[in-house]
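Pasting coords31.txt here (compact mmCIF, C-alpha atoms):
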# COMPACT_ATOMS: atom_id res chain seq x y z
CA MET A 94 -69.19 27.80 -24.04
CA ALA A 95 -69.30 30.24 -26.91
CA ARG A 96 -68.48 33.90 -26.57
CA VAL A 97 -71.47 36.11 -27.49
CA ILE A 98 -70.69 39.44 -29.15
CA VAL A 99 -73.30 42.08 -29.91
CA VAL A 100 -72.72 44.63 -32.66
CA THR A 101 -74.75 47.66 -31.70
CA SER A 102 -75.01 51.44 -32.18
CA GLY A 103 -78.43 52.89 -31.42
CA LYS A 104 -78.43 54.90 -34.62
CA GLY A 105 -79.24 53.26 -37.94
CA GLY A 106 -77.07 53.24 -41.03
CA VAL A 107 -73.72 53.48 -39.28
CA GLY A 108 -72.47 50.04 -40.37
CA LYS A 109 -73.70 47.43 -37.88
CA THR A 110 -74.55 44.82 -40.49
CA THR A 111 -71.44 45.55 -42.56
CA THR A 112 -69.42 45.13 -39.37
CA SER A 113 -71.24 41.98 -38.25
CA ALA A 114 -70.63 40.34 -41.63
CA ALA A 115 -66.97 41.37 -41.80
CA PHE A 116 -66.23 40.50 -38.18
CA ALA A 117 -67.91 37.08 -38.36
CA MET A 118 -66.10 36.26 -41.60
CA GLY A 119 -62.81 37.41 -40.04
CA LEU A 120 -63.28 35.11 -37.05
CA ALA A 121 -64.18 32.22 -39.35
CA GLU A 122 -61.08 32.87 -41.44
CA ARG A 123 -59.00 32.55 -38.31
CA GLY A 124 -60.42 29.07 -37.89
CA PHE A 125 -63.13 29.72 -35.30
CA ARG A 126 -66.54 28.17 -35.73
CA THR A 127 -68.72 31.25 -35.94
CA VAL A 128 -72.41 32.01 -36.34
CA VAL A 129 -73.82 35.44 -37.09
CA ILE A 130 -77.45 36.12 -36.14
CA ASP A 131 -79.72 38.82 -37.56
CA PHE A 132 -81.87 40.31 -34.77
CA ASP A 133 -83.63 42.78 -37.06
CA VAL A 134 -86.98 40.99 -37.16
CA GLY A 135 -89.15 42.45 -39.92
CA LEU A 136 -86.27 44.18 -41.71
CA ARG A 137 -83.68 41.50 -42.28
CA ASN A 138 -80.63 42.46 -44.29
CA LEU A 139 -77.72 40.45 -43.01
CA ASP A 140 -78.59 37.69 -45.50
CA LEU A 141 -78.16 40.22 -48.36
CA ILE A 142 -74.85 41.54 -47.07
CA MET A 143 -73.62 37.95 -46.62
CA GLY A 144 -74.89 37.02 -50.08
CA CYS A 145 -77.11 34.14 -48.97
CA GLU A 146 -80.53 35.78 -49.39
CA ARG A 147 -81.77 33.13 -51.80
CA ARG A 148 -80.99 30.29 -49.44
CA VAL A 149 -83.18 31.41 -46.54
CA VAL A 150 -85.72 28.72 -45.69
CA TYR A 151 -86.35 28.96 -41.96
CA ASP A 152 -85.46 31.86 -39.69
CA PHE A 153 -84.63 32.80 -36.10
CA VAL A 154 -88.29 33.22 -35.11
CA ASN A 155 -89.19 29.82 -36.61
CA VAL A 156 -86.55 28.29 -34.35
CA ILE A 157 -87.70 30.18 -31.25
CA GLN A 158 -91.28 29.10 -31.85
CA GLY A 159 -90.33 25.48 -32.53
CA ASP A 160 -91.40 25.42 -36.20
CA ALA A 161 -87.88 24.42 -37.21
CA ASN A 162 -84.74 23.30 -35.46
CA VAL A 163 -81.52 25.29 -35.41
CA GLY A 164 -79.86 23.02 -37.96
CA GLN A 165 -82.63 23.62 -40.47
CA ALA A 166 -82.43 27.40 -40.14
CA LEU A 167 -78.65 27.84 -40.24
CA ILE A 168 -77.22 28.77 -43.63
CA LYS A 169 -73.71 27.55 -44.28
CA ASP A 170 -71.46 30.13 -45.88
CA LYS A 171 -70.24 29.05 -49.32
CA ARG A 172 -66.82 30.66 -48.90
CA ASN A 173 -65.89 29.54 -45.44
CA PRO A 174 -66.86 26.23 -43.81
CA ASN A 175 -66.55 27.71 -40.30
CA LEU A 176 -69.21 30.34 -40.88
CA PHE A 177 -73.00 30.11 -40.55
CA VAL A 178 -75.80 32.67 -40.80
CA LEU A 179 -79.05 32.63 -38.83
CA PRO A 180 -81.42 34.98 -40.69
CA ALA A 181 -84.15 37.11 -39.11
CA SER A 182 -87.80 36.66 -39.92
CA GLN A 183 -89.10 39.07 -42.52
CA THR A 184 -92.79 38.66 -41.72
CA ARG A 185 -93.04 38.29 -37.97
CA ASP A 186 -93.27 40.83 -35.24
CA LYS A 187 -90.26 41.76 -33.12
CA ASP A 188 -92.22 40.70 -30.03
CA ALA A 189 -91.54 37.13 -31.14
CA LEU A 190 -88.11 37.56 -29.57
CA THR A 191 -88.30 36.64 -25.88
CA VAL A 192 -85.59 36.39 -23.24
CA GLU A 193 -86.31 32.67 -22.79
CA GLY A 194 -86.61 31.95 -26.52
CA VAL A 195 -83.41 33.76 -27.48
CA GLY A 196 -81.62 32.19 -24.49
CA LYS A 197 -82.56 28.70 -25.57
CA VAL A 198 -81.36 29.22 -29.14
CA LEU A 199 -78.07 30.79 -27.99
CA GLU A 200 -77.51 27.95 -25.56
CA GLU A 201 -77.96 25.40 -28.33
CA LEU A 202 -75.68 27.35 -30.69
CA GLY A 203 -73.14 27.66 -27.87
CA ARG A 204 -72.57 23.91 -27.94
CA GLU A 205 -71.68 24.05 -31.63
CA PHE A 206 -69.87 27.36 -32.07
CA GLU A 207 -67.00 29.29 -30.53
CA PHE A 208 -68.30 32.75 -31.40
CA ILE A 209 -71.87 34.00 -31.71
CA VAL A 210 -72.12 37.43 -33.36
CA CYS A 211 -75.43 39.22 -32.78
CA ASP A 212 -76.26 41.86 -35.40
CA SER A 213 -78.50 44.33 -33.55
CA PRO A 214 -81.20 46.40 -35.22
CA ALA A 215 -81.15 50.18 -34.79
CA GLY A 216 -83.11 51.75 -31.97
CA ILE A 217 -83.59 50.66 -28.38
CA GLU A 218 -86.64 48.44 -28.78
CA ARG A 219 -86.99 44.72 -28.27
CA GLY A 220 -84.79 43.53 -31.15
CA ALA A 221 -81.91 45.69 -29.93
CA THR A 222 -82.33 44.82 -26.25
CA MET A 223 -82.60 41.11 -27.06
CA ALA A 224 -79.46 41.26 -29.21
CA MET A 225 -77.48 42.65 -26.28
CA TYR A 226 -79.12 40.75 -23.42
CA TYR A 227 -76.85 37.68 -23.47
CA ALA A 228 -73.73 39.47 -24.72
CA ASP A 229 -70.30 38.93 -23.21
CA ASP A 230 -68.73 41.59 -25.43
CA ALA A 231 -70.15 44.58 -27.29
CA ILE A 232 -68.85 46.36 -30.34
CA VAL A 233 -70.30 49.86 -30.41
CA VAL A 234 -70.26 51.09 -34.00
CA THR A 235 -70.04 54.88 -34.24
CA ASN A 236 -69.72 57.38 -37.07
CA PRO A 237 -67.76 60.56 -36.28
CA GLU A 238 -70.96 62.55 -36.31
CA VAL A 239 -73.04 64.11 -33.52
CA SER A 240 -76.20 61.98 -33.61
CA SER A 241 -74.27 58.73 -33.87
CA VAL A 242 -71.97 59.61 -30.96
CA ARG A 243 -74.90 60.62 -28.78
CA ASP A 244 -76.81 57.43 -29.57
CA SER A 245 -73.71 55.34 -28.87
CA ASP A 246 -73.45 56.96 -25.46
CA ARG A 247 -77.07 56.01 -24.78
CA MET A 248 -76.39 52.42 -25.85
CA ILE A 249 -73.39 52.21 -23.54
CA GLY A 250 -75.68 53.17 -20.67
CA ILE A 251 -78.23 50.54 -21.67
CA LEU A 252 -75.53 47.88 -22.08
CA SER A 253 -74.48 48.38 -18.48
CA SER A 254 -78.00 48.15 -17.08
CA LYS A 255 -80.19 45.93 -19.25
CA SER A 256 -78.17 42.80 -19.85
CA ARG A 257 -78.00 39.41 -18.23
CA ARG A 258 -74.57 40.25 -16.86
CA ALA A 259 -75.93 43.42 -15.24
CA GLU A 260 -79.05 41.73 -13.86
CA GLN A 261 -77.13 38.80 -12.39
CA ASN A 262 -74.35 40.99 -10.98
CA MET A 263 -71.76 39.26 -13.14
CA GLU A 264 -68.69 40.94 -14.53
CA GLY A 265 -69.89 43.60 -16.98
CA ILE A 266 -69.97 43.35 -20.76
CA ARG A 267 -66.62 44.20 -22.34
CA GLU A 268 -67.30 47.20 -24.55
CA PHE A 269 -65.28 48.24 -27.56
CA LEU A 270 -65.55 51.27 -29.81
CA LEU A 271 -65.43 50.85 -33.57
CA VAL A 272 -65.37 54.10 -35.52
CA THR A 273 -66.61 53.68 -39.09
CA ARG A 274 -66.78 55.94 -42.17
CA TYR A 275 -63.76 57.87 -40.90
CA SER A 276 -62.35 60.44 -43.27
CA PRO A 277 -58.90 61.78 -42.27
CA GLU A 278 -59.16 64.47 -44.99
CA ARG A 279 -62.32 65.91 -43.48
CA VAL A 280 -60.87 65.69 -39.97
CA LYS A 281 -57.86 67.64 -41.16
CA ARG A 282 -60.11 70.33 -42.59
CA GLY A 283 -61.94 70.58 -39.27
CA GLU A 284 -65.16 69.24 -40.78
CA MET A 285 -65.34 65.96 -38.93
CA LEU A 286 -64.89 64.91 -35.30
CA ALA A 287 -61.41 63.50 -34.81
CA LEU A 288 -60.93 60.01 -33.47
CA GLU A 289 -59.55 61.37 -30.20
CA ASP A 290 -62.68 63.50 -29.74
CA VAL A 291 -65.02 60.55 -30.20
CA GLN A 292 -62.91 58.46 -27.83
CA GLU A 293 -62.77 61.25 -25.28
CA ILE A 294 -66.54 61.65 -25.25
CA LEU A 295 -67.38 57.95 -25.13
CA SER A 296 -64.29 56.77 -23.18
CA LEU A 297 -64.25 53.24 -24.57
CA ASP A 298 -61.37 51.07 -25.72
CA LEU A 299 -60.87 51.56 -29.45
CA ILE A 300 -60.95 48.27 -31.36
CA GLY A 301 -60.72 49.71 -34.84
CA VAL A 302 -61.19 52.57 -37.26
CA ILE A 303 -62.75 51.80 -40.62
CA PRO A 304 -62.00 54.50 -43.17
CA GLU A 305 -64.68 55.78 -45.52
CA SER A 306 -64.25 53.55 -48.54
CA THR A 307 -65.95 52.84 -51.84
CA ALA A 308 -65.19 49.17 -51.20
CA VAL A 309 -68.01 48.94 -48.64
CA LEU A 310 -70.79 49.69 -51.13
CA ASN A 311 -69.16 47.49 -53.75
CA ALA A 312 -69.03 44.65 -51.25
CA SER A 313 -72.66 44.95 -50.24
CA ASN A 314 -73.68 45.23 -53.89
CA ALA A 315 -72.08 41.85 -54.44
CA GLY A 316 -73.07 40.22 -51.13
CA VAL A 317 -69.46 39.72 -50.10
CA PRO A 318 -68.29 40.74 -46.61
CA VAL A 319 -65.90 43.65 -47.20
CA ILE A 320 -63.16 41.96 -45.16
CA LEU A 321 -62.66 39.66 -48.17
CA ASP A 322 -61.68 42.67 -50.30
CA ARG A 323 -58.10 42.45 -49.14
CA GLU A 324 -56.87 45.27 -51.36
CA SER A 325 -59.23 47.78 -49.81
CA SER A 326 -58.46 49.95 -46.80
CA ALA A 327 -61.81 49.03 -45.22
CA GLY A 328 -61.13 45.32 -45.65
CA GLN A 329 -57.68 45.65 -44.09
CA ALA A 330 -59.02 47.76 -41.25
CA TYR A 331 -61.59 45.05 -40.48
CA SER A 332 -58.86 42.38 -40.51
CA ASP A 333 -56.92 44.46 -38.00
CA MET A 334 -60.01 44.82 -35.85
CA VAL A 335 -60.54 41.05 -35.75
CA ALA A 336 -56.88 40.56 -34.80
CA ARG A 337 -57.21 43.10 -31.98
CA TYR A 338 -60.37 41.39 -30.74
CA LEU A 339 -58.39 38.15 -30.55
CA GLY A 340 -55.73 39.87 -28.46
CA GLU A 341 -53.15 41.06 -30.97
CA ASP A 342 -51.66 44.48 -30.42
CA LEU A 343 -51.72 46.28 -33.75
CA PRO A 344 -51.32 50.01 -34.44
CA HIS A 345 -54.34 51.73 -35.99
CA ARG A 346 -54.00 52.43 -39.69
CA PHE A 347 -55.58 54.78 -42.24
CA LEU A 348 -55.70 57.68 -39.79
CA SER A 349 -53.68 60.26 -41.66
CA THR A 350 -54.03 62.07 -44.93
CA GLU A 351 -50.60 61.24 -46.28
CA LYS A 352 -51.03 61.21 -50.01
CA LYS A 353 -48.34 59.37 -51.86
CA GLY A 354 -46.94 61.60 -54.54
CA LEU A 355 -45.27 60.40 -57.71
CA PHE A 356 -42.11 59.69 -55.78
CA GLY A 357 -43.96 57.77 -53.12
CA ARG A 358 -45.73 55.69 -55.73
CA LEU A 359 -42.52 54.89 -57.57
CA PHE A 360 -40.82 53.75 -54.40
CA ARG A 361 -43.74 52.10 -52.75
CA GLY A 362 -43.23 49.69 -49.93
CA MET B 178 -59.54 92.34 -36.25
CA ALA B 179 -58.49 89.55 -33.95
CA LEU B 180 -62.13 89.11 -33.03
CA LEU B 181 -63.09 88.77 -36.68
CA ASP B 182 -60.43 86.14 -37.18
CA PHE B 183 -61.74 84.28 -34.18
CA PHE B 184 -65.22 84.04 -35.67
CA LYS B 185 -63.91 83.13 -39.10
CA GLN B 186 -61.93 80.29 -37.62
CA ARG B 187 -64.89 79.03 -35.62
CA LYS B 188 -67.02 78.94 -38.71
CA SER B 189 -64.67 76.75 -40.70
CA ASN B 190 -64.06 74.40 -37.78
CA SER B 191 -67.44 72.76 -37.40
CA ALA B 192 -65.83 69.69 -35.80
CA ALA B 193 -64.85 71.74 -32.74
CA LEU B 194 -68.41 72.96 -32.45
CA ALA B 195 -69.68 69.38 -32.72
CA LYS B 196 -67.39 68.28 -29.93
CA GLU B 197 -68.43 71.11 -27.66
CA ARG B 198 -72.14 70.46 -28.23
CA LEU B 199 -71.70 66.74 -27.69
CA GLN B 200 -69.82 67.13 -24.44
CA ILE B 201 -72.61 69.23 -22.97
CA LEU B 202 -75.34 66.96 -24.31
CA VAL B 203 -73.75 63.71 -23.24
CA ALA B 204 -73.12 65.04 -19.73
CA HIS B 205 -76.78 66.03 -19.55
CA ASP B 206 -78.04 62.69 -20.92
CA ARG B 207 -75.93 60.81 -18.39
CA ARG B 208 -77.41 62.73 -15.49
CA GLY B 209 -80.78 61.41 -16.61
CA GLY B 210 -82.48 64.81 -16.46
CA GLY B 211 -83.11 64.88 -12.68
CA PRO B 212 -86.47 65.03 -10.89
CA SER B 213 -89.51 66.25 -12.82
CA TYR B 214 -90.05 69.32 -10.61
CA LEU B 215 -86.78 70.92 -11.70
CA PRO B 216 -88.15 73.02 -14.59
CA GLN B 217 -90.96 74.41 -12.40
CA LEU B 218 -88.52 75.10 -9.57
CA GLN B 219 -86.33 76.95 -12.02
CA ARG B 220 -89.24 79.09 -13.24
CA ASP B 221 -90.39 79.88 -9.67
CA LEU B 222 -86.89 80.86 -8.57
CA LEU B 223 -86.52 83.09 -11.59
CA ALA B 224 -89.82 84.82 -10.77
CA VAL B 225 -88.71 85.46 -7.18
CA ILE B 226 -85.33 86.83 -8.19
CA ARG B 227 -86.93 89.08 -10.77
CA LYS B 228 -88.89 90.78 -8.00
CA TYR B 229 -85.60 92.27 -6.86
CA VAL B 230 -83.16 92.14 -9.78
CA ALA B 231 -83.67 92.26 -13.54
CA VAL B 232 -82.09 89.07 -14.81
CA ASP B 233 -82.20 87.13 -18.08
CA SER B 234 -84.31 84.01 -18.33
CA ASP B 235 -81.19 81.86 -18.49
CA ALA B 236 -79.73 83.45 -15.34
CA VAL B 237 -80.90 80.59 -13.15
CA SER B 238 -79.76 77.03 -13.61
CA VAL B 239 -80.83 74.12 -11.43
CA ASN B 240 -79.10 70.75 -11.40
CA VAL B 241 -79.24 67.64 -9.31
CA GLU B 242 -76.13 65.53 -8.93
CA ARG B 243 -76.01 62.13 -7.35
CA ASP B 244 -73.04 61.06 -5.31
CA GLY B 245 -73.70 57.61 -3.95
CA ALA B 246 -76.72 57.88 -1.63
CA GLN B 247 -76.41 61.66 -1.50
CA GLU B 248 -78.19 64.07 -3.80
CA ILE B 249 -76.84 67.54 -4.29
CA LEU B 250 -79.15 70.29 -5.51
CA GLU B 251 -77.01 72.82 -7.29
CA LEU B 252 -78.36 76.31 -7.88
CA ASN B 253 -76.51 78.75 -10.05
CA ILE B 254 -77.78 82.33 -10.26
CA ILE B 255 -75.97 84.82 -12.42
CA LEU B 256 -76.61 88.42 -11.37
CA PRO B 257 -76.06 91.25 -13.85
CA GLU B 258 -72.97 93.35 -13.32
Starting from the coordinates I provided, produce the structure as structure tokens.
Amino acid sequence: MARVIVVTSGKGGVGKTTTSAAFAMGLAERGFRTVVIDFDVGLRNLDLIMGCERRVVYDFVNVIQGDANVGQALIKDKRNPNLFVLPASQTRDKDALTVEGVGKVLEELGREFEFIVCDSPAGIERGATMAMYYADDAIVVTNPEVSSVRDSDRMIGILSSKSRRAEQNMEGIREFLLVTRYSPERVKRGEMLALEDVQEILSLDLIGVIPESTAVLNASNAGVPVILDRESSAGQAYSDMVARYLGEDLPHRFLSTEKKGLFGRLFRG
Amino acid sequence: MALLDFFKQRKSNSAALAKERLQILVAHDRRGGGPSYLPQLQRDLLAVIRKYVAVDSDAVSVNVERDGAQEILELNIILPE
């Protein structure tokens, strides 16, 4: 049976889709058969971030409603044979997502894949609650900023009450904190919440810290998951996060402001 | 002078302010707001107290905490010195 992971946040624009794309690609690169599903019915974007927007024929809602089968709707990634994308519908209503419908599709995908990554829409409406309903694990994406932290706290509450695991009195969803757009310089100047502060308020296990990086916009411009930009700090931080998810114990990187001077650059390594 | 420095420091450290605001807010959100009669109860209590003592409008705070099956109604009244 596949492991279902929801990438969620409550607030929009914090990096859910960027994270879903990078995380799914990272799992695929490690050899796991992985599918990433866009739950943002009406505002799909995962296809763009994954760079497969011109290959969308059928979508998630088509599959739920029986207009297409899963195989017809899945888009095979051109870079990694282990990775598939299930796009959201752009025209339908989010009410097309039902507990039974989503459950059936996930069950079918579970026979084929080892990991199912659910890219949640922002907000706490149906798309978001459906994305988390069947989750085994949750990655809560948070910016070090007041509204994002508050919304994440709300989502953590919803995760523990409105999921299949909660309703059926199973072991709860494993929740992990991913802090994105982190800027050590601004933290040092006292302008941004420090990592420890965010962790203290949300009290979740930290799975990664993605530094603010120009590589993220460049990657989405090109439709390439940023994890493939191996030179970039963001790409490396996502690789670390995938490794930690799979059980490796790695120290967190890119947390300090240490600027390499001329000397440092000359004697790099 | 020390007081001035204190305010200056606070101003530049907006992150500390953010943390403080969040801690209060998150604690409140997690309590779920309590029963709907709380605000009215708070206003009524304030009116009664004001019959006897001149207090500010934020002198009375009312909270409900849940501890298992038990509910604790917590009243906090700050009297002027």
query = Counting only C-alpha atoms, which residues of chain B come no farther than 8 Å from chain A, as a PyMOL selection string?
reply = chain B and resi 189-193+195-196+199-200+202-203+206-207
task = Could you tell me which of A:Ser253, A:Ile303, A:Val97, A:Gly316 comes closest to Asp333 of chain A if we count only C-alpha atoms?
result =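 With only C-alpha atoms as the atom set, the closest residue is A:Ile303.
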ask   = At what distance in Å, to one decimal, does atom CA of Gly124 of chain A lie from atom CA of Asn175 of chain A?
value =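 Going from atom CA of Asn175 of chain A over to atom CA of Gly124 of chain A covers 6.7 Å.
Reported to one decimal place, the separation of atom CA of Val107 of chain A from atom CA of Ser306 of chain A is 13.2 Å.
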request  = Find the residues near Glu258 of chain B: any atom within 12 Å, counting all atoms listed in the file, skip ones fewer than 6 places away on the same chain, and give them as an MDAnalysis selection string.
outcome  = chainID B and resid 230:232
ask   = Between atom CA of Ala231 of chain A and atom CA of Gly301 of chain A, what is the spacing in Å?
value =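 Distance reported for this atom pair: 13.1 Å.
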